[in-house]
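Q: Take this structure first; my questions come after.
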2 protein chains.
Amino acid sequence: MTALSHIRIVLVGTTHPGNIGAVARAMHNMALTRLYLVQPKFFPHEDATARAAGADQVLRDAVVCDSLPAAIADCTLVVGASARVRSIELPPLDPHACAGQILAHAGNGEAALVFGPEHSGLSNAQLDLCQQRVCIPSNPEFASLNLAAAVQVLAYEIYRQAGAVPVALEPPNPPATRDEVERLFVHLEQTLNALDFLLPNNPQRSMRRLRALVNRAAPDQNEIQILRGILSATGRAIAAADAKSDP
Amino acid sequence: MTALSHIRIVLVGTTHPGNIGAVARAMHNMALTRLYLVQPKFFPHEDATARAAGADQVLRDAVVCDSLPAAIADCTLVVGASARVRSIELPPLDPHACAGQILAHAGNGEAALVFGPEHSGLSNAQLDLCQQRVCIPSNPEFASLNLAAAVQVLAYEIYRQAGAVPVALEPPNPPATRDEVERLFVHLEQTLNALDFLLPNNPQRSMRRLRALVNRAAPDQNEIQILRGILSATGRAIAAADAKSDP
């Protein structure tokens, strides 16, 4: 079950320290050990320790980060938990499919499961940093699970399936890290600006669609290099045109 | 979903009222409404109401009983949750099988899922009142789930199997046809040739990788339009450069 040691739970902006402790307990129950906390309101805190109910090691080993990008920089698969519906992407994964994808990745790289603040969930900008979204099926009239309950359901699915995971196949190329993918997006946005392609009044609209598309494709490092090579060649063509038009 | 209204959650001897509230929330999240409390230490209680987080109706409708037999008298299937191993019975159900059996019964009669006190679980005498036992797979070194977390996992399996998964969203744009995708590839190859990007001795190598990447992403029609828009803008930049360099 070494795959479990390559899976991290990332909690963003958690308000109630008791929930952090309850998450640590839920994780330890399901043999997950790696907890990342992005700007927790209170941590460490006695309520976290009390609700951990013995899962103290998970709290002691927790990594506190300043930002979500920092918490997932070395990950090759990032799944965001969300109850909200966004129209620009594929339907979200259900917990069963989510656990399968995370376990398949966790052999070759680091996988992250990201949860937003209790009252608001992950923002659109935070979800844009995730390649996939997972949604726990729930009562449409009362859809919002407690944070630790949501972690418990997803960790349960991961633990259950970890018992039966075939050895992950070595991919032909290493998967791209989130940092590499983000640098691709920066390069892409620069190039589209140079092409006057982005809408001046809403440049993020096309970028958000392109991000969702690239994230769905889950490019490997070699593919990122090809895409950045195309962007560099495009940049040279634009520069040549500009040089000729401004003698 | 009428089967769900024939399923009750029975909590025996609960010590912490906050857990009763958290159970009510977990139930309501999964469209379960019928909570039975056997000799709760404190109920009603402000901690229960606080942790219910809006699932007040489940608490208001909760039935308080003097004994476990009273709470399950009219049930035709009673399943006890237990982390302990008893040698005198069949292996326990896992949550998935448990949910299946409960749903199969709940059409014809009343089904109960019974949970013991936080620190001790159900006694042997109480388990003897159950026809089946369910055990949530967990870390052997830290097996004991929080009461509400255990209810959440089992309620999730019931809700999921009840067919209550929310209807998957219609994707906002129609998926691209193969013809549209192939025309994108033709346009892409023309553009990459104009950029002198493809290897002269093996132009298909990069194209094959890019095809695989795009196919993995499964673009919709709108996304194809965006990508072709970028290629057209790139083509104009190349033409501008060429025009200036060949007067």
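Order determines the names: the first chain of the structure tokens is A, the second B, and so forth; residues in each chain are numbered 1 upward, and ligands are numbered 1 upward as they are shown.
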Please provide chain B as a CSV table (one decimal) with C-alpha atoms, in the first residue's frame, once it has been superposed on chain A by least squares across all sequentially paired Cα atoms.
A:
```csv
chain,number,residue,atom,x,y,z
B,1,MET,CA,6.5,14.3,3.4
B,2,THR,CA,7.0,13.0,6.9
B,3,ALA,CA,4.6,15.7,8.2
B,4,LEU,CA,1.8,13.8,6.4
B,5,SER,CA,2.4,10.8,8.7
B,6,HIS,CA,1.6,12.9,11.7
B,7,ILE,CA,-1.8,13.9,10.5
B,8,ARG,CA,-4.8,11.7,11.3
B,9,ILE,CA,-8.4,11.8,10.0
B,10,VAL,CA,-10.9,11.1,12.7
B,11,LEU,CA,-14.4,10.0,11.7
B,12,VAL,CA,-17.0,10.1,14.5
B,13,GLY,CA,-20.1,8.0,14.4
B,14,THR,CA,-20.1,7.3,10.7
B,15,THR,CA,-23.4,5.7,9.6
B,16,HIS,CA,-22.6,4.5,6.1
B,17,PRO,CA,-19.6,2.1,5.8
B,18,GLY,CA,-19.3,3.1,2.1
B,19,ASN,CA,-18.3,6.6,3.2
B,20,ILE,CA,-15.5,5.1,5.4
B,21,GLY,CA,-14.1,3.4,2.3
B,22,ALA,CA,-14.5,6.5,0.2
B,23,VAL,CA,-12.6,8.5,2.9
B,24,ALA,CA,-9.8,5.9,2.9
B,25,ARG,CA,-9.5,6.3,-0.9
B,26,ALA,CA,-9.5,10.1,-0.6
B,27,MET,CA,-6.8,9.9,2.1
B,28,HIS,CA,-4.6,7.5,0.2
B,29,ASN,CA,-4.9,9.7,-3.0
B,30,MET,CA,-3.4,12.5,-0.9
B,31,ALA,CA,-0.8,10.4,0.8
B,32,LEU,CA,-2.5,10.4,4.2
B,33,THR,CA,-2.5,7.0,5.9
B,34,ARG,CA,-3.8,7.4,9.5
B,35,LEU,CA,-7.6,6.8,9.9
B,36,TYR,CA,-9.3,6.8,13.3
B,37,LEU,CA,-12.9,5.6,13.6
B,38,VAL,CA,-14.9,6.6,16.7
B,39,GLN,CA,-17.9,4.2,17.2
B,40,PRO,CA,-18.5,3.5,13.5
B,41,LYS,CA,-21.9,1.9,12.9
B,42,PHE,CA,-20.5,-0.8,10.7
B,43,PHE,CA,-16.8,-1.6,10.4
B,44,PRO,CA,-15.2,-3.6,8.8
B,45,HIS,CA,-17.8,-3.9,6.0
B,46,GLU,CA,-17.8,-4.9,2.4
B,47,ASP,CA,-19.2,-1.5,1.3
B,48,ALA,CA,-16.1,0.1,2.9
B,49,THR,CA,-13.8,-2.2,1.1
B,50,ALA,CA,-15.5,-1.7,-2.2
B,51,ARG,CA,-15.5,2.1,-2.1
B,52,ALA,CA,-11.8,2.1,-0.9
B,53,ALA,CA,-11.0,0.9,-4.4
B,54,GLY,CA,-7.6,-0.3,-3.5
B,55,ALA,CA,-6.8,1.8,-0.5
B,56,ASP,CA,-7.1,-1.3,1.6
B,57,GLN,CA,-4.0,-0.6,3.7
B,58,VAL,CA,-5.6,2.5,5.1
B,59,LEU,CA,-8.7,0.5,6.2
B,60,ARG,CA,-6.5,-2.4,7.6
B,61,ASP,CA,-4.5,0.1,9.6
B,62,ALA,CA,-7.6,2.0,10.8
B,63,VAL,CA,-7.8,2.5,14.6
B,64,VAL,CA,-11.3,2.0,16.1
B,65,CYS,CA,-11.9,4.0,19.3
B,66,ASP,CA,-14.7,4.1,21.9
B,67,SER,CA,-14.6,7.9,22.2
B,68,LEU,CA,-13.4,11.1,20.5
B,69,PRO,CA,-11.1,11.9,23.5
B,70,ALA,CA,-9.4,8.5,23.1
B,71,ALA,CA,-8.9,9.2,19.4
B,72,ILE,CA,-7.2,12.5,19.9
B,73,ALA,CA,-5.5,12.1,23.3
B,74,ASP,CA,-1.9,12.4,22.0
B,75,CYS,CA,-2.7,15.2,19.5
B,76,THR,CA,-1.3,18.7,19.9
B,77,LEU,CA,-3.7,20.3,17.4
B,78,VAL,CA,-7.3,19.2,16.8
B,79,VAL,CA,-9.4,20.8,14.1
B,80,GLY,CA,-13.1,20.0,13.8
B,81,ALA,CA,-15.0,20.2,10.5
B,82,SER,CA,-18.3,21.9,10.7
B,83,ALA,CA,-20.8,23.6,8.5
B,84,ARG,CA,-22.7,25.1,11.3
B,85,VAL,CA,-22.1,28.5,12.8
B,86,ARG,CA,-21.6,28.8,16.5
B,87,SER,CA,-21.6,32.2,18.1
B,88,ILE,CA,-19.3,31.5,20.9
B,89,GLU,CA,-16.1,31.2,18.9
B,90,LEU,CA,-13.8,32.8,16.4
B,91,PRO,CA,-14.7,32.6,12.8
B,92,PRO,CA,-13.7,29.2,11.4
B,93,LEU,CA,-10.6,28.6,9.3
B,94,ASP,CA,-11.0,28.1,5.6
B,95,PRO,CA,-9.5,24.9,4.1
B,96,HIS,CA,-6.3,26.7,3.0
B,97,ALA,CA,-5.6,28.2,6.4
B,98,CYS,CA,-6.5,24.9,8.1
B,99,ALA,CA,-4.1,23.0,6.0
B,100,GLY,CA,-1.3,25.5,6.8
B,101,GLN,CA,-1.9,25.2,10.6
B,102,ILE,CA,-2.1,21.4,10.5
B,103,LEU,CA,1.1,21.1,8.5
B,104,ALA,CA,2.9,23.6,10.8
B,105,HIS,CA,2.0,21.4,13.8
B,106,ALA,CA,2.5,18.0,12.3
B,107,GLY,CA,6.2,18.4,12.3
B,108,ASN,CA,6.3,18.8,16.1
B,109,GLY,CA,3.4,16.7,17.2
B,110,GLU,CA,0.3,14.9,16.1
B,111,ALA,CA,-2.5,16.8,14.4
B,112,ALA,CA,-6.1,15.6,13.9
B,113,LEU,CA,-8.9,16.6,11.6
B,114,VAL,CA,-12.3,15.5,13.0
B,115,PHE,CA,-15.5,14.9,11.1
B,116,GLY,CA,-18.9,14.2,12.6
B,117,PRO,CA,-21.7,11.8,11.6
B,118,GLU,CA,-23.2,12.3,8.1
B,119,HIS,CA,-26.6,13.7,9.1
B,120,SER,CA,-25.8,15.8,12.2
B,121,GLY,CA,-22.1,16.7,12.1
B,122,LEU,CA,-20.1,17.2,15.3
B,123,SER,CA,-22.1,18.1,18.4
B,124,ASN,CA,-21.3,21.2,20.4
B,125,ALA,CA,-19.7,19.0,23.1
B,126,GLN,CA,-17.4,17.4,20.4
B,127,LEU,CA,-16.5,20.7,18.9
B,128,ASP,CA,-15.5,21.9,22.4
B,129,LEU,CA,-12.8,19.2,22.2
B,130,CYS,CA,-11.3,20.9,19.2
B,131,GLN,CA,-9.1,24.0,19.3
B,132,GLN,CA,-10.0,25.1,15.8
B,133,ARG,CA,-12.9,24.7,13.4
B,134,VAL,CA,-12.7,24.5,9.7
B,135,CYS,CA,-15.5,25.3,7.3
B,136,ILE,CA,-15.5,24.5,3.6
B,137,PRO,CA,-17.0,27.4,1.6
B,138,SER,CA,-20.1,26.2,-0.1
B,139,ASN,CA,-23.5,27.1,-1.6
B,140,PRO,CA,-25.6,28.5,1.3
B,141,GLU,CA,-28.7,26.8,-0.1
B,142,PHE,CA,-27.0,23.4,-0.3
B,143,ALA,CA,-24.1,23.5,2.1
B,144,SER,CA,-23.7,19.9,3.3
B,145,LEU,CA,-20.9,18.1,1.5
B,146,ASN,CA,-20.7,14.3,1.4
B,147,LEU,CA,-18.3,13.1,4.2
B,148,ALA,CA,-15.7,11.7,1.8
B,149,ALA,CA,-16.0,14.8,-0.4
B,150,ALA,CA,-15.2,17.0,2.6
B,151,VAL,CA,-12.2,14.9,3.5
B,152,GLN,CA,-11.1,15.0,-0.1
B,153,VAL,CA,-11.1,18.8,-0.2
B,154,LEU,CA,-9.2,19.2,3.1
B,155,ALA,CA,-6.7,16.4,2.2
B,156,TYR,CA,-6.1,18.0,-1.1
B,157,GLU,CA,-5.3,21.3,0.5
B,158,ILE,CA,-2.9,19.5,2.9
B,159,TYR,CA,-1.2,17.5,0.2
B,160,ARG,CA,-0.9,20.6,-2.0
B,161,GLN,CA,0.7,22.7,0.7
B,162,ALA,CA,2.9,19.8,1.8
B,163,GLY,CA,5.0,20.5,-1.2
B,164,ALA,CA,4.0,17.2,-2.7
B,165,VAL,CA,3.0,18.6,-6.1
B,166,PRO,CA,4.5,16.1,-8.6
B,167,VAL,CA,7.5,17.4,-10.4
B,168,ALA,CA,6.5,19.3,-13.5
B,169,LEU,CA,7.5,17.4,-16.6
B,170,GLU,CA,10.5,18.6,-18.5
B,171,PRO,CA,9.1,19.7,-21.8
B,172,PRO,CA,10.1,17.1,-24.4
B,173,ASN,CA,11.6,19.7,-26.7
B,174,PRO,CA,13.7,22.7,-25.9
B,175,PRO,CA,11.7,26.0,-26.0
B,176,ALA,CA,12.4,28.1,-29.1
B,177,THR,CA,14.8,31.0,-28.7
B,178,ARG,CA,13.6,34.5,-29.6
B,179,ASP,CA,15.9,34.4,-32.6
B,180,GLU,CA,14.3,31.2,-33.9
B,181,VAL,CA,10.8,32.8,-33.4
B,182,GLU,CA,11.9,35.9,-35.3
B,183,ARG,CA,13.2,33.9,-38.2
B,184,LEU,CA,9.9,32.1,-38.3
B,185,PHE,CA,8.2,35.5,-38.6
B,186,VAL,CA,10.5,36.6,-41.5
B,187,HIS,CA,9.8,33.3,-43.3
B,188,LEU,CA,6.0,33.8,-42.6
B,189,GLU,CA,6.0,37.3,-44.0
B,190,GLN,CA,7.8,36.3,-47.1
B,191,THR,CA,5.4,33.5,-47.7
B,192,LEU,CA,2.3,35.6,-47.1
B,193,ASN,CA,3.7,38.2,-49.5
B,194,ALA,CA,4.2,35.6,-52.2
B,195,LEU,CA,0.6,34.5,-51.6
B,196,ASP,CA,-0.5,38.1,-52.0
B,197,PHE,CA,-2.2,37.7,-48.6
B,198,LEU,CA,-1.0,40.8,-46.8
B,199,LEU,CA,-2.8,44.1,-47.3
B,200,PRO,CA,-0.7,46.3,-49.6
B,201,ASN,CA,-1.5,49.4,-47.7
B,202,ASN,CA,-1.0,47.9,-44.3
B,203,PRO,CA,1.0,44.7,-44.4
B,204,GLN,CA,1.9,44.9,-40.7
B,205,ARG,CA,-1.6,44.6,-39.5
B,206,SER,CA,-2.1,40.9,-40.2
B,207,MET,CA,1.5,40.2,-39.2
B,208,ARG,CA,1.1,41.8,-35.9
B,209,ARG,CA,-1.9,39.7,-35.1
B,210,LEU,CA,-0.1,36.5,-36.2
B,211,ARG,CA,2.9,37.4,-34.1
B,212,ALA,CA,0.7,37.8,-31.1
B,213,LEU,CA,-1.0,34.5,-31.8
B,214,VAL,CA,2.3,32.6,-32.1
B,215,ASN,CA,3.8,34.3,-29.1
B,216,ARG,CA,0.8,33.3,-27.0
B,217,ALA,CA,1.4,29.7,-28.1
B,218,ALA,CA,5.1,29.8,-27.1
B,219,PRO,CA,6.2,27.2,-29.6
B,220,ASP,CA,9.1,24.9,-28.9
B,221,GLN,CA,11.9,24.2,-31.4
B,222,ASN,CA,10.3,21.2,-32.9
B,223,GLU,CA,7.0,23.1,-33.5
B,224,ILE,CA,9.0,26.0,-35.1
B,225,GLN,CA,10.5,23.4,-37.5
B,226,ILE,CA,7.0,22.0,-38.3
B,227,LEU,CA,5.7,25.5,-39.1
B,228,ARG,CA,8.7,26.4,-41.2
B,229,GLY,CA,8.3,23.1,-43.0
B,230,ILE,CA,4.8,24.1,-43.9
B,231,LEU,CA,6.0,27.5,-45.1
B,232,SER,CA,8.7,25.9,-47.2
B,233,ALA,CA,6.2,23.5,-48.8
B,234,THR,CA,3.9,26.4,-49.5
B,235,GLY,CA,6.8,28.3,-51.1
B,236,ARG,CA,7.5,25.4,-53.4
B,237,ALA,CA,3.8,25.3,-54.5
B,238,ILE,CA,3.9,29.0,-55.2
B,239,ALA,CA,7.1,28.6,-57.2
B,240,ALA,CA,5.6,25.8,-59.2
B,241,ALA,CA,2.6,27.9,-60.1
B,242,ASP,CA,4.8,30.9,-61.0
B,243,ALA,CA,7.1,28.9,-63.1
B,244,LYS,CA,4.2,27.6,-65.2
B,245,SER,CA,2.6,30.9,-65.6
B,246,ASP,CA,5.8,32.7,-66.8
B,247,PRO,CA,7.3,30.4,-69.5
```
Q: DSSP on the backbone: which residues in range 44-203 of chain B end up as alpha helix (DSSP H)? Give the answer as a ChimeraX atom specification.
A: /B:46-52,56-60,68-72,95-106,124-127,147-161,178-194,203
Q: Could you pull out the strand (DSSP E) residues of range 65-148 of chain A from DSSP and send them as number ranges by chain?
A: A: 65, 75-81, 110-115, 132-134
